[in-house]
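So this block is input_25.txt, compact mmCIF, N, CA and C atoms:
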# COMPACT_ATOMS: atom_id res chain seq x y z
N MET A 137 0.86 -1.19 0.00
CA MET A 137 0.00 0.00 0.00
C MET A 137 0.90 1.24 0.00
N THR A 138 0.69 2.11 -0.96
CA THR A 138 1.56 3.28 -1.09
C THR A 138 0.90 4.56 -0.64
N SER A 139 -0.35 4.52 -0.32
CA SER A 139 -1.06 5.74 0.06
C SER A 139 -1.34 5.75 1.56
N ASN A 140 -1.32 6.94 2.13
CA ASN A 140 -1.65 7.09 3.55
C ASN A 140 -3.14 7.27 3.77
N SER A 141 -3.91 7.40 2.71
CA SER A 141 -5.34 7.62 2.87
C SER A 141 -6.05 6.30 3.12
N HIS A 142 -7.09 6.37 3.89
CA HIS A 142 -7.90 5.21 4.23
C HIS A 142 -9.36 5.55 3.97
N PRO A 143 -9.83 5.29 2.73
CA PRO A 143 -11.19 5.71 2.39
C PRO A 143 -12.25 5.10 3.27
N THR A 144 -12.00 3.96 3.87
CA THR A 144 -13.01 3.32 4.70
C THR A 144 -13.19 4.03 6.03
N THR A 145 -12.26 4.88 6.43
CA THR A 145 -12.37 5.58 7.71
C THR A 145 -12.92 6.98 7.55
N GLY A 146 -13.22 7.39 6.35
CA GLY A 146 -13.76 8.73 6.11
C GLY A 146 -15.24 8.77 6.43
N GLY A 147 -15.93 9.61 5.71
CA GLY A 147 -17.37 9.68 5.84
C GLY A 147 -17.83 10.16 7.20
N LEU A 148 -18.71 9.39 7.81
CA LEU A 148 -19.33 9.78 9.08
C LEU A 148 -18.30 9.99 10.18
N LEU A 149 -17.32 9.10 10.28
CA LEU A 149 -16.30 9.23 11.32
C LEU A 149 -15.50 10.51 11.13
N ALA A 150 -15.13 10.82 9.90
CA ALA A 150 -14.39 12.06 9.62
C ALA A 150 -15.25 13.27 9.95
N ASP A 151 -16.54 13.20 9.61
CA ASP A 151 -17.45 14.31 9.92
C ASP A 151 -17.56 14.54 11.42
N ILE A 152 -17.66 13.47 12.19
CA ILE A 152 -17.76 13.60 13.65
C ILE A 152 -16.46 14.14 14.22
N ALA A 153 -15.34 13.57 13.79
CA ALA A 153 -14.04 13.97 14.33
C ALA A 153 -13.69 15.42 13.99
N SER A 154 -14.22 15.93 12.89
CA SER A 154 -13.89 17.30 12.49
C SER A 154 -15.00 18.30 12.81
N ALA A 155 -16.01 17.88 13.53
CA ALA A 155 -17.11 18.77 13.89
C ALA A 155 -16.58 19.93 14.76
N PRO A 156 -17.02 21.15 14.50
CA PRO A 156 -16.52 22.30 15.27
C PRO A 156 -16.68 22.14 16.79
N ALA A 157 -17.78 21.59 17.25
CA ALA A 157 -17.98 21.44 18.70
C ALA A 157 -16.97 20.46 19.29
N LEU A 158 -16.71 19.36 18.59
CA LEU A 158 -15.73 18.39 19.08
C LEU A 158 -14.33 18.98 19.03
N ARG A 159 -14.04 19.74 17.99
CA ARG A 159 -12.72 20.38 17.89
C ARG A 159 -12.50 21.34 19.06
N THR A 160 -13.52 22.14 19.37
CA THR A 160 -13.40 23.08 20.50
C THR A 160 -13.22 22.32 21.80
N ALA A 161 -13.99 21.26 22.00
CA ALA A 161 -13.86 20.44 23.22
C ALA A 161 -12.47 19.81 23.29
N ALA A 162 -11.96 19.35 22.15
CA ALA A 162 -10.63 18.74 22.12
C ALA A 162 -9.54 19.76 22.44
N LEU A 163 -9.73 21.00 22.03
CA LEU A 163 -8.75 22.04 22.35
C LEU A 163 -8.89 22.51 23.80
N LEU A 164 -10.10 22.47 24.33
CA LEU A 164 -10.31 22.84 25.74
C LEU A 164 -9.70 21.80 26.68
N ALA A 165 -9.74 20.53 26.29
CA ALA A 165 -9.28 19.45 27.18
C ALA A 165 -7.84 19.64 27.67
N PRO A 166 -6.86 19.82 26.78
CA PRO A 166 -5.50 20.00 27.31
C PRO A 166 -5.32 21.33 28.05
N CYS A 167 -6.20 22.29 27.78
CA CYS A 167 -6.12 23.60 28.44
C CYS A 167 -6.87 23.63 29.77
N ALA A 168 -7.62 22.59 30.08
CA ALA A 168 -8.49 22.60 31.26
C ALA A 168 -7.76 22.98 32.54
N ALA A 169 -6.61 22.37 32.77
CA ALA A 169 -5.86 22.67 34.00
C ALA A 169 -5.32 24.10 33.99
N TYR A 170 -5.10 24.65 32.79
CA TYR A 170 -4.54 25.99 32.66
C TYR A 170 -5.64 27.06 32.65
N ILE A 171 -6.87 26.62 32.74
CA ILE A 171 -8.01 27.51 32.93
C ILE A 171 -8.47 27.40 34.38
N GLN A 172 -8.63 26.18 34.86
CA GLN A 172 -9.07 25.94 36.24
C GLN A 172 -8.04 26.45 37.24
N GLY A 173 -6.76 26.20 36.99
CA GLY A 173 -5.70 26.60 37.93
C GLY A 173 -5.68 28.08 38.23
N PRO A 174 -5.64 28.94 37.21
CA PRO A 174 -5.62 30.38 37.48
C PRO A 174 -6.91 30.88 38.14
N LEU A 175 -8.04 30.29 37.75
CA LEU A 175 -9.30 30.71 38.39
C LEU A 175 -9.27 30.37 39.88
N THR A 176 -8.70 29.22 40.21
CA THR A 176 -8.55 28.85 41.63
C THR A 176 -7.58 29.79 42.33
N LYS A 177 -6.49 30.15 41.65
CA LYS A 177 -5.51 31.08 42.24
C LYS A 177 -6.13 32.46 42.48
N ILE A 178 -6.99 32.90 41.55
CA ILE A 178 -7.67 34.19 41.72
C ILE A 178 -8.62 34.13 42.91
N ALA A 179 -9.36 33.04 43.02
CA ALA A 179 -10.34 32.89 44.11
C ALA A 179 -9.66 32.75 45.47
N ASP A 180 -8.45 32.18 45.49
CA ASP A 180 -7.71 31.99 46.74
C ASP A 180 -6.28 32.47 46.52
N PHE A 181 -6.11 33.78 46.45
CA PHE A 181 -4.79 34.34 46.15
C PHE A 181 -3.78 34.02 47.25
N ASP A 182 -4.23 33.96 48.50
CA ASP A 182 -3.30 33.56 49.57
C ASP A 182 -2.78 32.15 49.34
N GLY A 183 -3.65 31.27 48.85
CA GLY A 183 -3.21 29.91 48.50
C GLY A 183 -2.22 29.92 47.35
N ALA A 184 -2.45 30.81 46.38
CA ALA A 184 -1.51 30.94 45.25
C ALA A 184 -0.15 31.40 45.75
N LEU A 185 -0.14 32.34 46.69
CA LEU A 185 1.12 32.82 47.26
C LEU A 185 1.83 31.70 48.01
N ALA A 186 1.05 30.91 48.76
CA ALA A 186 1.64 29.78 49.49
C ALA A 186 2.22 28.75 48.53
N GLU A 187 1.56 28.54 47.41
CA GLU A 187 2.06 27.60 46.40
C GLU A 187 3.40 28.09 45.84
N MET A 188 3.48 29.37 45.52
CA MET A 188 4.73 29.92 44.99
C MET A 188 5.85 29.80 46.02
N ASP A 189 5.54 30.11 47.29
CA ASP A 189 6.52 29.96 48.36
C ASP A 189 6.98 28.51 48.48
N HIS A 190 6.02 27.59 48.40
CA HIS A 190 6.33 26.16 48.52
C HIS A 190 7.36 25.72 47.48
N PHE A 191 7.25 26.26 46.27
CA PHE A 191 8.16 25.87 45.20
C PHE A 191 9.37 26.79 45.08
N GLY A 192 9.53 27.70 46.05
CA GLY A 192 10.70 28.57 46.08
C GLY A 192 10.70 29.66 45.03
N LEU A 193 9.53 30.07 44.58
CA LEU A 193 9.42 31.12 43.57
C LEU A 193 9.16 32.45 44.26
N HIS A 194 10.16 33.32 44.22
CA HIS A 194 10.07 34.61 44.90
C HIS A 194 10.42 35.75 43.95
N PRO A 195 9.75 36.86 44.03
CA PRO A 195 8.68 37.17 44.97
C PRO A 195 7.39 36.43 44.59
N ALA A 196 6.75 35.87 45.59
CA ALA A 196 5.58 35.01 45.38
C ALA A 196 4.46 35.73 44.64
N ALA A 197 4.20 36.99 44.99
CA ALA A 197 3.09 37.72 44.35
C ALA A 197 3.36 37.91 42.86
N PHE A 198 4.59 38.23 42.51
CA PHE A 198 4.93 38.39 41.09
C PHE A 198 4.69 37.10 40.33
N PHE A 199 5.20 35.99 40.86
CA PHE A 199 5.06 34.71 40.16
C PHE A 199 3.61 34.26 40.11
N ALA A 200 2.84 34.49 41.16
CA ALA A 200 1.43 34.10 41.16
C ALA A 200 0.67 34.85 40.06
N VAL A 201 0.87 36.16 39.99
CA VAL A 201 0.19 36.96 38.97
C VAL A 201 0.68 36.57 37.57
N ALA A 202 1.96 36.38 37.42
CA ALA A 202 2.52 36.00 36.12
C ALA A 202 1.95 34.66 35.64
N VAL A 203 1.85 33.70 36.53
CA VAL A 203 1.31 32.39 36.17
C VAL A 203 -0.17 32.52 35.79
N ILE A 204 -0.92 33.27 36.57
CA ILE A 204 -2.35 33.47 36.27
C ILE A 204 -2.52 34.07 34.88
N VAL A 205 -1.82 35.15 34.60
CA VAL A 205 -1.95 35.84 33.31
C VAL A 205 -1.47 34.94 32.18
N PHE A 206 -0.33 34.30 32.38
CA PHE A 206 0.22 33.43 31.34
C PHE A 206 -0.72 32.29 30.99
N GLU A 207 -1.18 31.56 32.00
CA GLU A 207 -2.02 30.39 31.74
C GLU A 207 -3.33 30.77 31.05
N LEU A 208 -3.97 31.84 31.51
CA LEU A 208 -5.22 32.25 30.88
C LEU A 208 -5.00 32.76 29.46
N THR A 209 -3.92 33.52 29.24
CA THR A 209 -3.64 34.05 27.91
C THR A 209 -3.30 32.93 26.92
N ALA A 210 -2.39 32.05 27.30
CA ALA A 210 -1.99 30.97 26.39
C ALA A 210 -3.16 30.03 26.11
N SER A 211 -3.98 29.73 27.11
CA SER A 211 -5.15 28.88 26.89
C SER A 211 -6.13 29.53 25.93
N THR A 212 -6.34 30.82 26.09
CA THR A 212 -7.23 31.56 25.19
C THR A 212 -6.70 31.50 23.76
N MET A 213 -5.40 31.61 23.59
CA MET A 213 -4.80 31.53 22.26
C MET A 213 -5.05 30.16 21.64
N VAL A 214 -4.87 29.10 22.42
CA VAL A 214 -5.06 27.75 21.90
C VAL A 214 -6.51 27.53 21.49
N VAL A 215 -7.44 27.88 22.35
CA VAL A 215 -8.84 27.60 22.08
C VAL A 215 -9.40 28.51 20.98
N SER A 216 -9.00 29.77 20.98
CA SER A 216 -9.55 30.72 20.01
C SER A 216 -8.94 30.58 18.62
N GLY A 217 -7.73 30.09 18.55
CA GLY A 217 -7.04 29.97 17.27
C GLY A 217 -6.12 31.13 16.96
N PHE A 218 -6.16 32.19 17.76
CA PHE A 218 -5.28 33.33 17.55
C PHE A 218 -3.86 32.94 17.95
N LEU A 219 -2.98 32.83 16.97
CA LEU A 219 -1.60 32.36 17.21
C LEU A 219 -1.60 31.09 18.05
N ARG A 220 -2.51 30.18 17.70
CA ARG A 220 -2.65 28.92 18.45
C ARG A 220 -1.31 28.22 18.64
N TRP A 221 -0.51 28.17 17.58
CA TRP A 221 0.77 27.48 17.64
C TRP A 221 1.66 28.08 18.73
N ALA A 222 1.66 29.39 18.86
CA ALA A 222 2.51 30.04 19.86
C ALA A 222 2.00 29.74 21.28
N GLY A 223 0.69 29.82 21.47
CA GLY A 223 0.11 29.49 22.78
C GLY A 223 0.39 28.05 23.15
N ALA A 224 0.26 27.14 22.17
CA ALA A 224 0.49 25.72 22.44
C ALA A 224 1.95 25.45 22.79
N LEU A 225 2.88 26.05 22.04
CA LEU A 225 4.30 25.85 22.36
C LEU A 225 4.66 26.47 23.70
N ALA A 226 4.07 27.62 24.02
CA ALA A 226 4.32 28.24 25.32
C ALA A 226 3.83 27.34 26.45
N LEU A 227 2.64 26.77 26.28
CA LEU A 227 2.11 25.87 27.32
C LEU A 227 2.93 24.58 27.40
N ALA A 228 3.45 24.11 26.28
CA ALA A 228 4.30 22.91 26.32
C ALA A 228 5.56 23.19 27.12
N GLY A 229 6.22 24.32 26.83
CA GLY A 229 7.43 24.67 27.57
C GLY A 229 7.16 24.91 29.05
N PHE A 230 6.09 25.63 29.34
CA PHE A 230 5.70 25.90 30.72
C PHE A 230 5.43 24.59 31.46
N THR A 231 4.75 23.67 30.79
CA THR A 231 4.40 22.39 31.42
C THR A 231 5.66 21.60 31.77
N VAL A 232 6.61 21.54 30.85
CA VAL A 232 7.85 20.82 31.13
C VAL A 232 8.60 21.48 32.28
N LEU A 233 8.73 22.80 32.25
CA LEU A 233 9.43 23.52 33.31
C LEU A 233 8.74 23.30 34.67
N ALA A 234 7.43 23.48 34.71
CA ALA A 234 6.69 23.32 35.96
C ALA A 234 6.76 21.88 36.47
N THR A 235 6.78 20.93 35.55
CA THR A 235 6.86 19.52 35.93
C THR A 235 8.18 19.22 36.63
N PHE A 236 9.27 19.78 36.09
CA PHE A 236 10.57 19.55 36.72
C PHE A 236 10.71 20.30 38.04
N ILE A 237 9.94 21.35 38.23
CA ILE A 237 9.96 22.07 39.51
C ILE A 237 9.09 21.38 40.55
N ALA A 238 7.89 20.97 40.14
CA ALA A 238 6.89 20.51 41.11
C ALA A 238 6.85 19.00 41.33
N LEU A 239 7.33 18.21 40.39
CA LEU A 239 7.16 16.75 40.49
C LEU A 239 8.50 16.03 40.47
N ARG A 240 9.34 16.36 41.41
CA ARG A 240 10.69 15.81 41.48
C ARG A 240 10.67 14.45 42.19
N PHE A 241 10.01 13.49 41.55
CA PHE A 241 9.79 12.18 42.15
C PHE A 241 11.09 11.47 42.50
N TRP A 242 12.15 11.73 41.76
CA TRP A 242 13.43 11.07 41.99
C TRP A 242 14.06 11.48 43.33
N GLU A 243 13.57 12.55 43.93
CA GLU A 243 14.07 12.99 45.23
C GLU A 243 13.22 12.46 46.38
N MET A 244 12.17 11.73 46.07
CA MET A 244 11.23 11.28 47.09
C MET A 244 11.56 9.86 47.55
N ALA A 245 11.18 9.58 48.78
CA ALA A 245 11.35 8.22 49.31
C ALA A 245 10.36 7.29 48.60
N PRO A 246 10.75 6.04 48.44
CA PRO A 246 9.82 5.08 47.83
C PRO A 246 8.50 5.04 48.60
N GLY A 247 7.44 4.81 47.87
CA GLY A 247 6.12 4.74 48.49
C GLY A 247 5.05 5.34 47.60
N MET A 248 3.87 5.46 48.16
CA MET A 248 2.72 5.93 47.40
C MET A 248 2.91 7.36 46.86
N ASP A 249 3.44 8.27 47.68
CA ASP A 249 3.63 9.64 47.21
C ASP A 249 4.57 9.70 46.01
N ARG A 250 5.64 8.91 46.08
CA ARG A 250 6.58 8.89 44.95
C ARG A 250 5.93 8.30 43.71
N MET A 251 5.16 7.25 43.89
CA MET A 251 4.48 6.64 42.75
C MET A 251 3.49 7.62 42.11
N MET A 252 2.74 8.35 42.93
CA MET A 252 1.79 9.32 42.40
C MET A 252 2.52 10.46 41.69
N ALA A 253 3.62 10.93 42.26
CA ALA A 253 4.39 12.00 41.61
C ALA A 253 5.01 11.51 40.30
N THR A 254 5.47 10.27 40.28
CA THR A 254 6.03 9.70 39.05
C THR A 254 4.97 9.65 37.96
N ASN A 255 3.79 9.16 38.30
CA ASN A 255 2.71 9.09 37.31
C ASN A 255 2.36 10.49 36.81
N ALA A 256 2.23 11.43 37.72
CA ALA A 256 1.88 12.80 37.33
C ALA A 256 2.97 13.42 36.46
N PHE A 257 4.23 13.14 36.77
CA PHE A 257 5.36 13.65 35.99
C PHE A 257 5.22 13.22 34.53
N PHE A 258 5.00 11.93 34.31
CA PHE A 258 4.93 11.42 32.94
C PHE A 258 3.62 11.82 32.25
N GLU A 259 2.55 11.97 33.01
CA GLU A 259 1.31 12.49 32.42
C GLU A 259 1.52 13.91 31.91
N HIS A 260 2.25 14.70 32.68
CA HIS A 260 2.52 16.08 32.26
C HIS A 260 3.42 16.13 31.02
N LEU A 261 4.37 15.21 30.92
CA LEU A 261 5.18 15.16 29.71
C LEU A 261 4.30 14.82 28.50
N GLY A 262 3.33 13.94 28.70
CA GLY A 262 2.39 13.62 27.63
C GLY A 262 1.55 14.82 27.24
N LEU A 263 1.14 15.60 28.23
CA LEU A 263 0.36 16.81 27.96
C LEU A 263 1.20 17.81 27.16
N ALA A 264 2.46 17.95 27.52
CA ALA A 264 3.36 18.84 26.76
C ALA A 264 3.46 18.36 25.31
N GLY A 265 3.56 17.06 25.13
CA GLY A 265 3.61 16.50 23.78
C GLY A 265 2.35 16.81 22.99
N ALA A 266 1.20 16.77 23.64
CA ALA A 266 -0.06 17.10 22.97
C ALA A 266 -0.05 18.54 22.50
N PHE A 267 0.49 19.44 23.32
CA PHE A 267 0.57 20.84 22.90
C PHE A 267 1.51 21.00 21.69
N VAL A 268 2.57 20.24 21.66
CA VAL A 268 3.47 20.29 20.50
C VAL A 268 2.73 19.82 19.24
N PHE A 269 1.91 18.79 19.38
CA PHE A 269 1.11 18.33 18.24
C PHE A 269 0.14 19.40 17.77
N VAL A 270 -0.49 20.10 18.69
CA VAL A 270 -1.41 21.18 18.32
C VAL A 270 -0.65 22.24 17.52
N ALA A 271 0.51 22.62 18.02
CA ALA A 271 1.32 23.63 17.31
C ALA A 271 1.74 23.13 15.93
N ALA A 272 2.21 21.90 15.87
CA ALA A 272 2.66 21.34 14.59
C ALA A 272 1.50 21.27 13.59
N TYR A 273 0.34 20.90 14.06
CA TYR A 273 -0.83 20.83 13.18
C TYR A 273 -1.13 22.22 12.59
N ASP A 274 -1.16 23.22 13.44
CA ASP A 274 -1.45 24.57 12.94
C ASP A 274 -0.35 25.07 11.99
N LEU A 275 0.89 24.85 12.35
CA LEU A 275 1.99 25.35 11.53
C LEU A 275 2.05 24.65 10.17
N THR A 276 1.75 23.36 10.13
CA THR A 276 1.81 22.63 8.86
C THR A 276 0.56 22.82 8.02
N ARG A 277 -0.50 23.33 8.62
CA ARG A 277 -1.74 23.58 7.87
C ARG A 277 -1.86 25.05 7.47
N GLY A 278 -0.83 25.83 7.73
CA GLY A 278 -0.85 27.23 7.34
C GLY A 278 -1.70 28.10 8.24
N ALA A 279 -2.04 27.57 9.43
CA ALA A 279 -2.88 28.34 10.36
C ALA A 279 -2.03 29.12 11.36
N GLY A 280 -0.72 29.12 11.18
CA GLY A 280 0.17 29.76 12.14
C GLY A 280 0.24 31.26 11.96
N LYS A 281 -0.90 31.91 11.94
CA LYS A 281 -0.95 33.36 11.74
C LYS A 281 -1.07 34.08 13.05

Serialized structure, structure tokens:
Amino acid sequence: MTSNSHPTTGGLLADIASAPALRTAALLAPCAAYIQGPLTKIADFDGALAEMDHFGLHPAAFFAVAVIVFELTASTMVVSGFLRWAGALALAGFTVLATFIALRFWEMAPGMDRMMATNAFFEHLGLAGAFVFVAAYDLTRGAGK
């Protein structure tokens, strides 16, 4: 077989997979934590400050506000399509950086906490990869405007 096309998988399945509502939901899914997180930080700013302190990010207020603005802005870019590729790559980089700061499982004692941090670490790497795919899709389809 020399072609990458699969005519038997088109039709109804292609229509469903490319439906605007499903596309929006699919773009919202990887952004969900980057929408929920800042909203939680806004609602409990003292908690956001404590989180920044916990991870050694000082001044805590600066980093809390920067994270809130960044996550909401980049998520909006991904979902809206405005420079989607840039928002997706920014979230991919942010995710990798934050993962290495917050989920240092290799420094933890063996046990349940380490296992949970290990799983979360690799889940976050997968999420970063998904953002790279979003960016690559837009850039290769000429949507990188």

Give me, as an mmCIF file with N, CA and C atoms, keeping the file's coordinate frame, all polymer residues having an atom no more than 7 Å from A:Val232, counting all atoms listed in the file and skipping those fewer than 5 positions away in the same chain.
data_model
loop_
_atom_site.group_PDB
_atom_site.id
_atom_site.type_symbol
_atom_site.label_atom_id
_atom_site.label_comp_id
_atom_site.auth_asym_id
_atom_site.auth_seq_id
_atom_site.Cartn_x
_atom_site.Cartn_y
_atom_site.Cartn_z
ATOM 1 N N LEU A 227 2.640 26.770 26.280
ATOM 2 C CA LEU A 227 2.110 25.870 27.320
ATOM 3 C C LEU A 227 2.930 24.580 27.400
ATOM 4 N N ILE A 237 9.940 21.350 38.230
ATOM 5 C CA ILE A 237 9.960 22.070 39.510
ATOM 6 C C ILE A 237 9.090 21.380 40.550
ATOM 7 N N HIS A 260 2.250 14.700 32.680
ATOM 8 C CA HIS A 260 2.520 16.080 32.260
ATOM 9 C C HIS A 260 3.420 16.130 31.020
ATOM 10 N N LEU A 261 4.370 15.210 30.920
ATOM 11 C CA LEU A 261 5.180 15.160 29.710
ATOM 12 C C LEU A 261 4.300 14.820 28.500
ATOM 13 N N ALA A 264 2.460 17.950 27.520
ATOM 14 C CA ALA A 264 3.360 18.840 26.760
ATOM 15 C C ALA A 264 3.460 18.360 25.310
#

For A:Arg240, which residue among A:Ala228, A:Leu163, A:Leu208, A:Phe257 is the nearest when counting all atoms listed in the file?
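For A:Arg240, the nearest of the candidates is A:Phe257.
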
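Reported to one decimal place, the separation of atom C of A:Ile171 from atom CA of A:Thr276 is 27.9 Å.
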
Pick from A:Ala157, A:Ile204, A:Ala196, A:Ala245 nearest to A:Leu175, counting only N, CA and C atoms:
A:Ile204

Atom pair atom C of A:Gln172 + atom CA of A:Ile152, distance 28.6 Å

As a check of understanding: the span from atom N of A:Thr231 to atom CA of A:Val268 is 10.9 Å

All helix (DSSP H, G or I) residues (DSSP, backbone) inside chain A, as a count of residues only
115

Distance criterion (only C-alpha atoms): nearest to A:Ala226 out of A:Leu158, A:Val214, A:Ile178, A:Ala197
A:Val214

With a distance cut-off of 5 Å and only N, CA and C atoms, select the neighbouring residues of A:Trp221, excluding the residue or stretch itself and same-chain residues fewer than 3 positions from it, and output the selection as a ChimeraX atom specification.
/A:224-225,271

Okay, now the selection with N, CA and C atoms, as a compact mmCIF listing (two decimals), in the frame of the given file?
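Wrote it out as part_9.txt, contents follow:
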# COMPACT_ATOMS: atom_id res chain seq x y z
N ALA A 224 0.26 27.14 22.17
CA ALA A 224 0.49 25.72 22.44
C ALA A 224 1.95 25.45 22.79
N LEU A 225 2.88 26.05 22.04
CA LEU A 225 4.30 25.85 22.36
C LEU A 225 4.66 26.47 23.70
N ALA A 271 0.51 22.62 18.02
CA ALA A 271 1.32 23.63 17.31
C ALA A 271 1.74 23.13 15.93

Neighbours of A:Ser216 within 12 Å (only C-alpha atoms; same-chain residues fewer than 6 positions away dropped), as a list in words?
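Within the cut-off, the hits are Pro156, Arg159, Thr160, Ala161, Leu163, Leu164, Cys167, Leu208, Thr209, Ala210, Gly223, Ala224 and Ala279 of chain A.
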
Nearest to A:Ala184, chosen from A:Ala169, A:Ala200, A:Met251, A:Leu275, with only N, CA and C atoms counted in the distances
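Residue with the minimum atom-to-atom distance to A:Ala184: A:Ala200.
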